[in-house]
Amino acid sequence: MAVDRGRSWPRPRSVTLAIAGIVGLALVLRIHGAGFGLPALNDPDELIFELGALKMLRSLSLNPGWFGHPGTTTMEVLALVNLTVLGLGRAMGWFADIKAFAGAVYANPAWMILPGRLAMVAFGAGTVWQTFRLGEELGDNREQAGLARHAGLAAAALVAIEPASVAWSQVIRTDIMATFFMLLSLRAAMRAMRQGRLRDHMVSGLWLGVAIATKWPTGIAGVALIGAAAVRLATDRTRPLQIAAHLAAGAVATVIGLLAVSPYIALDFATVVHNLHGEAQSHHLGATGGSPLYNLGWYAGGPVLSGLGVIGCCLALWGGLWLLRHRAGAIVLPVLAAFAATICSQTLVWERWVLPLIPLLAIAMGLGWAQLMARIEKTPALRLGGITLLAAALIQPAMAMTTRKIERQTDARQLATSWAKAHIPPGSTVLVEHFAFDILPQPWHLIFPFGTVGCVDVRAYLGGKVQYDTVDAGRGGRSNIDYGTVAPEKRGTCRADYAIITQYDRYAAERGTFPEEYAAYRALLGRGRIMATFATVPGRIGGWTTHVVALDQPKADQAPHNQPSAAQRPR
């Protein structure tokens, strides 16, 4: 039986206008609030990627010196963005040279963080477009083409407002970029399945290599080419050698794509191994998982349910049945299953690990809705009801997305530092354990807990233009940098008049897993008293519960977690 080579079906103008509006909405939602927290950094990992980008610029090399994700494409994009900001700054007279730019960045990281976040915003909006395009390409014939277009539009609309997709498109990380490149690879794999061309296998492999250079686990998406080969073999048994050769070519192209983007993965392999060892953690504060069944429940009842909503999940199940019966399912379903099995088998659970699954689940949801619309399209009243159903399906994700935006814009850490600015006297030594660049201008001696090094002078470290190698060494293999992970013999370097602590409540909640870290905080708080507490409030205040503590004072009468908030007890 000959392979059905398919064709491209004309797209109605109304569909083009609709997807343009959806992508535009996605862009607006992601730009809005992208400057959250600045100049403070509420996601400390953003600095890792920017330090790699700065190293590339300084050394004029493609070696970022860190390959934990590996994140090379992300750091290359950031290097280009920073170079653009530097060029614009020099033209405007803001920076005399790269040294002046680096000095400005270490004083106020918003110079590089905000442009970097806007680059992630662009990839986030691009992911919405790629979701539509992948959904649009599901159909094998003219009849299925209409259903596939409707599915693609519904899927894109969901991804545009999906809370995790919006939130992580505003943070400098690898996940959104990796998802974007993975979708490009899946689209090429779909064409390879239908048309059997060597070129499509190569293109799919190249994009997969770029995705892997962004984040290692996206290599799982290589099962899509295996699915394409299986479909071709089932429909054309006369050319098994050609099919095998095309599959091998896709694998070779994957390696080429990976090394073309990140050659130092091979040239600096020792560093790769070291970084991967550092990323492997059996426990992580706030992210320790359990059995595969527990992890499955965590993802299904958490980010998936929040992202798709109850109605969306039901429609996705219906769409999944359609995929089981059609060839396109050989591309989408193996990737879904392989990713789900991989993240559920890990020792940790992270919301962002589900991001590559969101477009595929959205496509399944869109297929469920499109099938419904196809059954009722000849009845105007029912068709209006179908559109209303889609709107209802999008309400729950939209509400969750809005809530997260509100929480992100009002963070407990910024509330605490604002209170500290008004109440801590000049000349005080202040221990701060988050990246509170917003308090650098204060007339305080600032110290920061730095793992095996102990507490360090913040301004001295920033003035020395700290590099990632220094950060990595100071971490001492720990995933967190905070007071709890300071080496016990170095805690004497952390004497201060005041402390702004953000991690105590998190360690208290997991004291059984982190007894030493929790004990360190109890000892710290035992020789002081809490002046103000800023707690997180669902739907209103995000971040981590933050305490401002006056140290070397008589022991507080109440345990820290029983203290009223600063809002309840203003000073």
# chains A, B, ... in the order shown; residues from 1 in each chain; ligands from 1
$ select_by_dssp --residues "range 82-269 of chain A" --states "alpha helix (DSSP H)" --output "JSON, numbers by chain"
{"A": [82, 83, 84, 85, 86, 87, 88, 89, 90, 91, 92, 98, 99, 100, 101, 102, 103, 104, 105, 106, 107, 110, 111, 112, 113, 114, 115, 116, 117, 118, 119, 120, 121, 122, 123, 124, 125, 126, 127, 128, 129, 130, 131, 132, 133, 134, 135, 136, 142, 143, 144, 145, 146, 147, 148, 149, 150, 151, 152, 153, 154, 155, 156, 157, 158, 159, 160, 161, 163, 164, 165, 166, 167, 168, 175, 176, 177, 178, 179, 180, 181, 182, 183, 184, 185, 186, 187, 188, 189, 190, 191, 192, 193, 194, 195, 198, 199, 200, 201, 202, 203, 204, 205, 206, 207, 208, 209, 210, 211, 212, 213, 214, 223, 224, 225, 226, 227, 228, 229, 230, 231, 232, 233, 234, 235, 240, 241, 242, 243, 244, 245, 246, 247, 248, 249, 250, 251, 252, 253, 254, 255, 256, 257, 258, 259, 260, 261, 264, 265, 266, 267, 269]}
$ residues_around --residues "Ser169 in chain A" --least-positions-apart "6" --cutoff "8 Å" --atoms "only C-alpha atoms" --output "ChimeraX atom specification"
/A:30,117,120-121,123-124,176
$ write_last_selection --atoms "N, CA and C atoms" --output "PDB file, in the first residue's frame"
ATOM      1  N   ARG A  30       1.803  37.751  28.227  1.00  0.00           N
ATOM      2  CA  ARG A  30       3.156  37.426  28.668  1.00  0.00           C
ATOM      3  C   ARG A  30       3.997  38.683  28.902  1.00  0.00           C
ATOM      4  N   ARG A 117      13.933  38.321  29.747  1.00  0.00           N
ATOM      5  CA  ARG A 117      12.563  37.833  29.933  1.00  0.00           C
ATOM      6  C   ARG A 117      11.707  38.106  28.701  1.00  0.00           C
ATOM      7  N   MET A 120      12.168  35.448  26.303  1.00  0.00           N
ATOM      8  CA  MET A 120      11.382  34.268  26.659  1.00  0.00           C
ATOM      9  C   MET A 120       9.913  34.470  26.304  1.00  0.00           C
ATOM     10  N   VAL A 121       9.421  35.698  26.467  1.00  0.00           N
ATOM     11  CA  VAL A 121       8.048  36.024  26.075  1.00  0.00           C
ATOM     12  C   VAL A 121       7.829  35.727  24.590  1.00  0.00           C
ATOM     13  N   PHE A 123       9.427  33.563  22.732  1.00  0.00           N
ATOM     14  CA  PHE A 123       9.355  32.112  22.539  1.00  0.00           C
ATOM     15  C   PHE A 123       8.031  31.553  23.057  1.00  0.00           C
ATOM     16  N   GLY A 124       7.508  32.150  24.128  1.00  0.00           N
ATOM     17  CA  GLY A 124       6.221  31.710  24.642  1.00  0.00           C
ATOM     18  C   GLY A 124       5.103  31.942  23.645  1.00  0.00           C
ATOM     19  N   ILE A 176      10.486  26.874  28.208  1.00  0.00           N
ATOM     20  CA  ILE A 176       9.643  27.375  27.122  1.00  0.00           C
ATOM     21  C   ILE A 176      10.372  27.281  25.785  1.00  0.00           C
TER      22      ILE A 176
END
$ atom_distance --atom1 "CA of Gln442 in chain A" --atom2 "CA of Pro425 in chain A"
9.6 Å
$ closest_residue --among "A:Asn108, A:Gln242, A:Thr72, A:Gln281" --to "Pro441 in chain A" --atoms "only C-alpha atoms"
A:Asn108
$ residues_around --residues "Gly286 in chain A" --least-positions-apart "6" --cutoff "9 Å" --atoms "only C-alpha atoms" --output "JSON, numbers by chain"
{"A": [349, 506, 507, 509, 510]}
$ residues_around --residues "range 401-415 of chain A" --least-positions-apart "2" --cutoff "8 Å" --atoms "only C-alpha atoms" --output "list in words"
Gly33, Phe36, Gly37, Ala40, Ile161, Glu162, Pro163, Ala164, Val166, Ala167, Pro397, Ala398, Met399, Thr417, Ser418, Trp419, Thr502, Phe534, Ala535, Thr536, Pro538, Gly539, Arg540, Ile541, Gly542, Gly543, Trp544, Thr545 and Thr546 of chain A
$ closest_atom_pairs --of "range 351-440 of chain A" --to "range 330-342 of chain A" --cutoff "9 Å" --atoms "only C-alpha atoms" --output "Markdown table"
| residue | atom | partner | partner_atom | distance |
| --- | --- | --- | --- | --- |
| A:Val354 | CA | A:Ala340 | CA | 8.1 |
| A:Pro356 | CA | A:Phe339 | CA | 8.1 |
| A:Leu357 | CA | A:Leu336 | CA | 6.3 |
| A:Leu360 | CA | A:Val332 | CA | 6.8 |
| A:Leu361 | CA | A:Leu336 | CA | 8.0 |
$ residues_around --residues "Gly309 in chain A" --least-positions-apart "2" --cutoff "12 Å" --atoms "only C-alpha atoms" --output "PyMOL selection string"
chain A and resi 158+161-163+300-307+311-316+361-362+365+390-401
$ write_last_selection --atoms "N, CA and C atoms" --output "short mmCIF file (atom, residue, chain, number, x, y, z; two decimals), in the first residue's frame"
data_model
loop_
_atom_site.label_atom_id
_atom_site.label_comp_id
_atom_site.auth_asym_id
_atom_site.auth_seq_id
_atom_site.Cartn_x
_atom_site.Cartn_y
_atom_site.Cartn_z
N LEU A 158 -6.01 27.73 24.32
CA LEU A 158 -5.73 27.21 25.66
C LEU A 158 -4.30 27.53 26.08
N ILE A 161 -3.52 31.11 27.31
CA ILE A 161 -3.92 31.55 28.66
C ILE A 161 -3.53 30.55 29.75
N GLU A 162 -2.95 29.41 29.38
CA GLU A 162 -2.63 28.37 30.35
C GLU A 162 -1.68 28.93 31.41
N PRO A 163 -2.02 28.79 32.70
CA PRO A 163 -1.27 29.50 33.75
C PRO A 163 0.22 29.19 33.80
N ALA A 300 -1.25 15.32 37.65
CA ALA A 300 -2.61 15.31 37.11
C ALA A 300 -3.53 16.23 37.92
N GLY A 301 -3.41 16.17 39.24
CA GLY A 301 -4.27 16.98 40.09
C GLY A 301 -3.77 18.40 40.29
N GLY A 302 -2.53 18.68 39.85
CA GLY A 302 -1.95 20.01 40.01
C GLY A 302 -1.88 20.76 38.70
N PRO A 303 -0.70 20.80 38.06
CA PRO A 303 -0.54 21.64 36.87
C PRO A 303 -1.43 21.23 35.69
N VAL A 304 -1.73 19.94 35.52
CA VAL A 304 -2.57 19.54 34.38
C VAL A 304 -4.01 19.98 34.60
N LEU A 305 -4.56 19.70 35.77
CA LEU A 305 -5.94 20.10 36.05
C LEU A 305 -6.08 21.61 36.06
N SER A 306 -5.09 22.31 36.65
CA SER A 306 -5.12 23.76 36.67
C SER A 306 -4.98 24.33 35.26
N GLY A 307 -4.16 23.69 34.44
CA GLY A 307 -3.90 24.20 33.10
C GLY A 307 -5.00 23.93 32.10
N ILE A 311 -13.40 20.79 32.32
CA ILE A 311 -14.00 20.59 31.00
C ILE A 311 -12.92 20.26 29.98
N GLY A 312 -11.79 20.98 30.04
CA GLY A 312 -10.70 20.73 29.10
C GLY A 312 -10.15 19.32 29.23
N CYS A 313 -10.05 18.81 30.46
CA CYS A 313 -9.55 17.44 30.66
C CYS A 313 -10.50 16.42 30.04
N CYS A 314 -11.80 16.64 30.20
CA CYS A 314 -12.78 15.72 29.60
C CYS A 314 -12.68 15.75 28.08
N LEU A 315 -12.56 16.94 27.50
CA LEU A 315 -12.43 17.04 26.05
C LEU A 315 -11.12 16.42 25.58
N ALA A 316 -10.06 16.54 26.37
CA ALA A 316 -8.77 15.96 26.00
C ALA A 316 -8.86 14.43 25.93
N LEU A 361 -1.40 18.14 25.15
CA LEU A 361 -2.68 17.97 25.83
C LEU A 361 -3.70 18.96 25.31
N ALA A 362 -3.24 20.18 25.00
CA ALA A 362 -4.14 21.19 24.44
C ALA A 362 -4.67 20.75 23.07
N MET A 365 -7.32 18.29 23.66
CA MET A 365 -8.53 19.01 24.05
C MET A 365 -9.20 19.62 22.84
N LEU A 390 -16.59 25.85 24.68
CA LEU A 390 -15.15 26.14 24.62
C LEU A 390 -14.81 27.31 25.53
N ALA A 391 -15.66 28.35 25.49
CA ALA A 391 -15.42 29.50 26.36
C ALA A 391 -15.44 29.08 27.83
N ALA A 392 -16.39 28.20 28.17
CA ALA A 392 -16.47 27.72 29.55
C ALA A 392 -15.24 26.91 29.92
N ALA A 393 -14.73 26.13 28.95
CA ALA A 393 -13.54 25.33 29.21
C ALA A 393 -12.33 26.20 29.49
N LEU A 394 -12.30 27.39 28.91
CA LEU A 394 -11.14 28.27 29.08
C LEU A 394 -11.23 29.13 30.34
N ILE A 395 -12.40 29.15 30.97
CA ILE A 395 -12.57 30.03 32.13
C ILE A 395 -11.67 29.61 33.29
N GLN A 396 -11.65 28.32 33.62
CA GLN A 396 -10.85 27.86 34.77
C GLN A 396 -9.37 28.14 34.58
N PRO A 397 -8.75 27.80 33.42
CA PRO A 397 -7.35 28.17 33.23
C PRO A 397 -7.12 29.68 33.27
N ALA A 398 -8.06 30.45 32.70
CA ALA A 398 -7.89 31.90 32.68
C ALA A 398 -7.91 32.47 34.10
N MET A 399 -8.79 31.95 34.94
CA MET A 399 -8.85 32.42 36.33
C MET A 399 -7.59 32.06 37.08
N ALA A 400 -7.08 30.84 36.86
CA ALA A 400 -5.84 30.43 37.52
C ALA A 400 -4.67 31.30 37.06
N MET A 401 -4.64 31.62 35.77
CA MET A 401 -3.58 32.47 35.23
C MET A 401 -3.63 33.87 35.85
#
$ residues_around --residues "range 181-189 of chain A" --least-positions-apart "5" --cutoff "6 Å" --atoms "only C-alpha atoms" --output "JSON, numbers by chain"
{"A": [134, 200, 204, 207, 208, 211, 225]}
$ write_last_selection --atoms "N, CA and C atoms" --output "short mmCIF file (atom, residue, chain, number, x, y, z; two decimals), in the first residue's frame"
data_model
loop_
_atom_site.label_atom_id
_atom_site.label_comp_id
_atom_site.auth_asym_id
_atom_site.auth_seq_id
_atom_site.Cartn_x
_atom_site.Cartn_y
_atom_site.Cartn_z
N LEU A 134 0.90 22.65 14.60
CA LEU A 134 0.93 21.20 14.76
C LEU A 134 -0.49 20.64 14.73
N ASP A 200 12.56 15.76 5.53
CA ASP A 200 11.75 15.98 6.73
C ASP A 200 12.32 15.24 7.94
N SER A 204 13.49 17.25 11.22
CA SER A 204 13.00 16.86 12.54
C SER A 204 14.17 16.59 13.48
N TRP A 207 16.00 19.95 14.52
CA TRP A 207 15.27 20.71 15.53
C TRP A 207 15.29 19.98 16.88
N LEU A 208 15.26 18.66 16.83
CA LEU A 208 15.34 17.91 18.08
C LEU A 208 16.70 18.14 18.75
N ALA A 211 16.57 21.37 20.44
CA ALA A 211 15.78 21.24 21.66
C ALA A 211 16.59 20.60 22.78
N LEU A 225 9.79 10.30 15.61
CA LEU A 225 10.32 9.76 14.36
C LEU A 225 10.18 8.24 14.31
#
$ atom_distance --atom1 "CA of Val432 in chain A" --atom2 "CA of Leu285 in chain A"
18.6 Å
$ closest_residue --among "A:Arg383, A:Leu323, A:Thr288, A:Arg58" --to "Phe514 in chain A" --atoms "only C-alpha atoms"
A:Thr288
$ atom_distance --atom1 "CA of Gln144 in chain A" --atom2 "CA of Trp369 in chain A"
13.6 Å
$ closest_residue --among "A:Pro359, A:His547, A:Gly146, A:Gly222" --to "Phe180 in chain A" --atoms "only C-alpha atoms"
A:Pro359
$ residues_around --residues "Gly209 in chain A" --least-positions-apart "4" --cutoff "10 Å" --atoms "only C-alpha atoms" --output "list of chain:residue names"
A:Phe181, A:Met182, A:Ser185, A:Val203, A:Ser204, A:Gly205, A:Ala213, A:Thr214, A:Lys215, A:Trp216, A:Thr218, A:Gly219, A:Gly222, A:Gly250, A:Ala251, A:Val252, A:Ala253, A:Thr254, A:Val255, A:Ile256, A:Gly257, A:Leu258, A:Leu259, A:Ala260, A:Val261, A:Ser262
$ write_last_selection --atoms "C-alpha atoms" --output "tab-separated table (two decimals), in the first residue's frame"
chain	number	residue	atom	x	y	z
A	181	PHE	CA	11.98	23.70	19.42
A	182	MET	CA	10.36	20.37	20.27
A	185	SER	CA	10.66	18.83	15.49
A	203	VAL	CA	14.77	18.64	9.68
A	204	SER	CA	13.00	16.86	12.54
A	205	GLY	CA	16.34	15.58	13.84
A	213	ALA	CA	20.83	21.64	23.52
A	214	THR	CA	18.21	23.66	25.36
A	215	LYS	CA	17.00	20.98	27.78
A	216	TRP	CA	18.16	17.38	27.90
A	218	THR	CA	13.35	16.88	25.13
A	219	GLY	CA	15.38	14.11	23.53
A	222	GLY	CA	12.72	11.47	19.28
A	250	GLY	CA	17.13	11.60	11.63
A	251	ALA	CA	19.22	10.30	14.52
A	252	VAL	CA	22.45	11.54	12.91
A	253	ALA	CA	20.81	14.92	12.25
A	254	THR	CA	19.89	15.11	15.94
A	255	VAL	CA	23.53	14.76	16.95
A	256	ILE	CA	24.56	17.30	14.31
A	257	GLY	CA	21.96	19.78	15.56
A	258	LEU	CA	23.04	19.31	19.17
A	259	LEU	CA	26.76	19.78	18.51
A	260	ALA	CA	26.26	22.63	16.03
A	261	VAL	CA	24.49	24.63	18.72
A	262	SER	CA	26.54	23.40	21.66
$ closest_residue --among "A:Leu551, A:Ile447, A:Leu293, A:Ala328" --to "Arg194 in chain A" --atoms "only C-alpha atoms"
A:Ala328
